[in-house]
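Below you'll find the structure, written out as structure tokens, and then a few comments.
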Amino acid sequence: MKPSIWSAIVLLLVLVPTTISHNYSDALTKSILFFEGQRSGYLPSNQRLTWRRHSALKDGENLNADLVGGYYDAGDNIKFHFPMAFSITMLAWSANDFGSYMSPADLRDNHVALRWGTDCLLKTVSQLPNRIFVQVGEATPDHQCWERPEDMDTPRTAYAVEAPNPASDLAGEVAAALAAASIAFRRFDPIYSQLLLDNAIKTFDVNGYEDELLWGAAWLRRATGQDSYLKYLVDNRQSFGEDFNYFEFGWDNKVGGINVLVAKEVFEKNVAAIAPYKNTAEKLMCSYFLETPGSHMRYSPGGLLYKAGSSQLQNTVALSFLLLTYANYLSKSSQQLQCGSLKIQPESLHRLAKRQVDYILGDNPMKMSYMIGYGSRYPQQIHHRGASSPSMKTHPTAIKCSEGWINVFASPNPDPNILVGAVIGGPDIDDKFIGGRTNASETEPTTYINAPIVGVLAYFKANSM
């Protein structure tokens with residue numbers, strides 16, 4: 001088949017409205033509920049996913065610190081603060097730009113999930129002078145065991161690095177998370193908001209060479225309006241590579257997100273000094289549309305925005321969030337996307353983002369929802385220790401390391417606990433999905449997949465097309 005014909009077919013798949021009607025309100029509520037299943041530490045009395053219990057109550061002890069709380073970022077029991085911070089940033093961005101589309105209950109639950117993470121991030125930067133805690137738990141021993149969090153007896157070693165230089169990437173990410181969250185809490189809890197902002201400013205005071213520092217500066221500019229952060233963005237854009245890798249956005253590469261975030265101020269205030277960020281963001285937006293000149297995104301035969309990685313839907317969701325955010329910038333400023341001689345209406349960006357969400361919720365060749373607990377057909381086994389193991393209520397005796405592999409991981413039975421709202425890794429480039437606990441790339445959920453989809457679902461809950 002000729003490339004031009006193939007491009008036309010894919011374009012139809014990604015832009016033509018779907019015929020399946022989805023309950024975006026239900027999906028939104030569940031996408032936020034998911035975070036309760038990832039909680040670490042002491043769980044509150046109003047915990048809704050009741051198959052989870054207290055866990056990891058001595059985190060930080062080896063360094064005489066309190067690191068109890070936060071989130072397990074995926075299906076294992078390690079707390080990696082770098083992806084956790086990115087997840088918090090995206091939960092905050094969802095609240096800041098799309099919170100007006102949420103119901104009061106959903107916005108409240110979003111703030112609860114957000115604060116569970118920011119409380120932990122405050123601990124990572126406030127307990128030891130010039131040090132930032134990087135993670136809790138040891139990956140190799142943890143991955144050698146299949147234990148629910150409540151039983152784990154693997155080492156809970158806490159790791160810290162000295163600021164500034166070795167920690168510049170984490171410092172930038174934590175600063176971004178705290179600054180973004182300070183905006184989210186400003187109207188609802190001004191004292192806590194100021195605490196977050198003060199710590200964001202302090203944490204950003206580092207030196208380094210990482211895109212996360214631009215990410216942190218961009219959020220601090222938005223949170224404070226201070227010209228020092230604007231100058232930082234102008235002075236470091238080229239040296240930090242913002243003209244390259246602008247197709248990327250996720251917990252380990254912020255370039256695409258930085259350009260879109262900074263572009264907001266260009267749209268709203270026409271700040272010429274940072275216009276190059278908007279220009280690069282436009283290149284990213286044009287790449288979603290196959291009829292435009294230049295490089296393009298890749299789509300599966302079924303219309304899924306596809307970017308190779310260990311967790312496919314992480315890329316799809318994060319890039320869809322940027323697409324929708326930029327579409328809203330265009331709509332609110334009554335502008336179009338200019339791609340060479342081609343002008344694209346913001347509605348086309350909205351439709352493309354909606355197509356991705358609909359695919360995830362079940363409008364795909366497998367006719368399967370990749371959000372656990374949503375719809376009538378979703379994977380019954382996921383790569384997640386807590387969901388796959390019997391709860392403490394039904395099995396109060398500890399399930400030890402090797403026993404978990406034999407009696408839980410290898411079991412052919414469906415997961416006894418439903419991790420409601422979890423968006424898993426998803427299908428391959430050919431829209432095929434095998435599934436099963438052994439297939440981590442397809443069935444493992446992560447906080448950094450769910451956090452961006454919160455905002456996207458909130459928009460389509462209020463703006464069905």
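Labeling convention for the structure tokens: chains A, B, ... as they appear, residues from 1 per chain, ligands from 1 in order of appearance.
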
Could you please write out, as a short mmCIF file (atom, residue, chain, number, x, y, z; two decimals) with C-alpha atoms, in the first residue's frame, every residue of range 269-298 of chain A that DSSP assigns to helix (DSSP H, G or I)?
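result-v8.cif, freshly written:
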```cif
data_model
loop_
_atom_site.label_atom_id
_atom_site.label_comp_id
_atom_site.auth_asym_id
_atom_site.auth_seq_id
_atom_site.Cartn_x
_atom_site.Cartn_y
_atom_site.Cartn_z
CA LYS A 269 0.33 37.80 27.37
CA ALA A 272 8.07 37.70 22.98
CA ALA A 273 11.11 36.47 24.91
CA ILE A 274 9.63 32.99 25.29
CA ALA A 275 7.95 32.80 21.88
CA PRO A 276 10.51 30.16 20.72
CA TYR A 277 8.90 27.74 23.20
CA LYS A 278 5.55 28.25 21.50
CA ASN A 279 7.12 27.81 18.08
CA THR A 280 8.55 24.45 19.10
CA ALA A 281 5.26 23.45 20.71
CA GLU A 282 3.59 24.16 17.35
CA LYS A 283 6.00 21.75 15.66
CA LEU A 284 4.95 19.10 18.16
CA MET A 285 1.26 19.79 17.52
CA CYS A 286 1.69 19.66 13.74
CA SER A 287 3.41 16.29 14.04
#
```

Next on the checklist: For Gly70 in chain A, find every residue with an atom within 7 Å (counting only C-alpha atoms), except residues of its own chain fewer than 4 positions away, and show them as a list in words.
Outcome noted: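 Close residues of Gly70 in chain A: Arg39, Ser40, Trp116, Gly117 and Cys120 of chain A.
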
Find the residues around Phe80 in chain A up to 8 Å (only C-alpha atoms counted), leave out those fewer than 4 positions away in its own chain, and share them as a PDB file with N, CA, C and O atoms, in the first residue's frame.
```pdb
ATOM      1  N   TYR A  72       3.428   3.947  45.831  1.00  0.00           N
ATOM      2  CA  TYR A  72       4.153   2.981  45.015  1.00  0.00           C
ATOM      3  C   TYR A  72       3.816   3.342  43.573  1.00  0.00           C
ATOM      4  O   TYR A  72       2.637   3.426  43.212  1.00  0.00           O
ATOM      5  N   ASP A  73       4.812   3.576  42.753  1.00  0.00           N
ATOM      6  CA  ASP A  73       4.513   4.153  41.443  1.00  0.00           C
ATOM      7  C   ASP A  73       3.981   3.143  40.437  1.00  0.00           C
ATOM      8  O   ASP A  73       3.405   3.534  39.419  1.00  0.00           O
ATOM      9  N   MET A  84       7.303   9.583  40.995  1.00  0.00           N
ATOM     10  CA  MET A  84       6.231  10.036  41.870  1.00  0.00           C
ATOM     11  C   MET A  84       6.029  11.538  41.730  1.00  0.00           C
ATOM     12  O   MET A  84       4.891  12.021  41.642  1.00  0.00           O
ATOM     13  N   VAL A 134      15.933  10.055  47.290  1.00  0.00           N
ATOM     14  CA  VAL A 134      15.691   9.602  45.922  1.00  0.00           C
ATOM     15  C   VAL A 134      14.667   8.479  45.861  1.00  0.00           C
ATOM     16  O   VAL A 134      13.784   8.472  45.000  1.00  0.00           O
ATOM     17  N   GLN A 135      14.779   7.512  46.765  1.00  0.00           N
ATOM     18  CA  GLN A 135      13.869   6.375  46.738  1.00  0.00           C
ATOM     19  C   GLN A 135      13.899   5.659  48.072  1.00  0.00           C
ATOM     20  O   GLN A 135      14.794   5.871  48.891  1.00  0.00           O
ATOM     21  N   VAL A 136      12.904   4.792  48.259  1.00  0.00           N
ATOM     22  CA  VAL A 136      12.873   3.907  49.420  1.00  0.00           C
ATOM     23  C   VAL A 136      12.618   2.494  48.916  1.00  0.00           C
ATOM     24  O   VAL A 136      11.643   2.256  48.197  1.00  0.00           O
TER      25      VAL A 136
END
```

Checklist entry - Looking at A:Leu305, A:Ala139, A:Ile434, A:Ala451, which one is nearest to Asp358 in chain A, with distances taken over only C-alpha atoms? => result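 Using only C-alpha atoms, the shortest distance to Asp358 in chain A belongs to A:Leu305.
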
Contacts between range 174-188 of chain A and range 228-290 of chain A, please, where a residue of range 228-290 of chain A counts if it comes within 12 Å (with only C-alpha atoms); show its shortest atom pair and distance in Å to one decimal, rows by chain and ascending number, as CSV.
```
residue,atom,partner,partner_atom,distance
A:Trp251,CA,A:Ala177,CA,11.8
A:Lys254,CA,A:Ala176,CA,10.9
A:Gly257,CA,A:Ala176,CA,11.7
A:Ile258,CA,A:Ala176,CA,10.7
A:Leu261,CA,A:Ala180,CA,11.1
```

Would you save the residues from that selection as an mmCIF file, in the first residue's frame, using N, CA and C atoms?
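Written out: part.cif:
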```
data_model
loop_
_atom_site.group_PDB
_atom_site.id
_atom_site.type_symbol
_atom_site.label_atom_id
_atom_site.label_comp_id
_atom_site.auth_asym_id
_atom_site.auth_seq_id
_atom_site.Cartn_x
_atom_site.Cartn_y
_atom_site.Cartn_z
ATOM 1 N N TRP A 251 7.656 10.791 32.284
ATOM 2 C CA TRP A 251 8.337 11.013 33.564
ATOM 3 C C TRP A 251 9.847 11.168 33.395
ATOM 4 N N LYS A 254 10.908 15.745 29.761
ATOM 5 C CA LYS A 254 9.878 16.773 29.926
ATOM 6 C C LYS A 254 9.797 17.756 28.768
ATOM 7 N N GLY A 257 6.431 18.763 27.229
ATOM 8 C CA GLY A 257 5.597 19.421 28.225
ATOM 9 C C GLY A 257 6.054 20.824 28.553
ATOM 10 N N ILE A 258 7.362 21.040 28.590
ATOM 11 C CA ILE A 258 7.891 22.378 28.877
ATOM 12 C C ILE A 258 7.438 23.361 27.810
ATOM 13 N N LEU A 261 3.692 24.058 28.167
ATOM 14 C CA LEU A 261 3.402 24.821 29.383
ATOM 15 C C LEU A 261 3.793 26.283 29.223
#
```
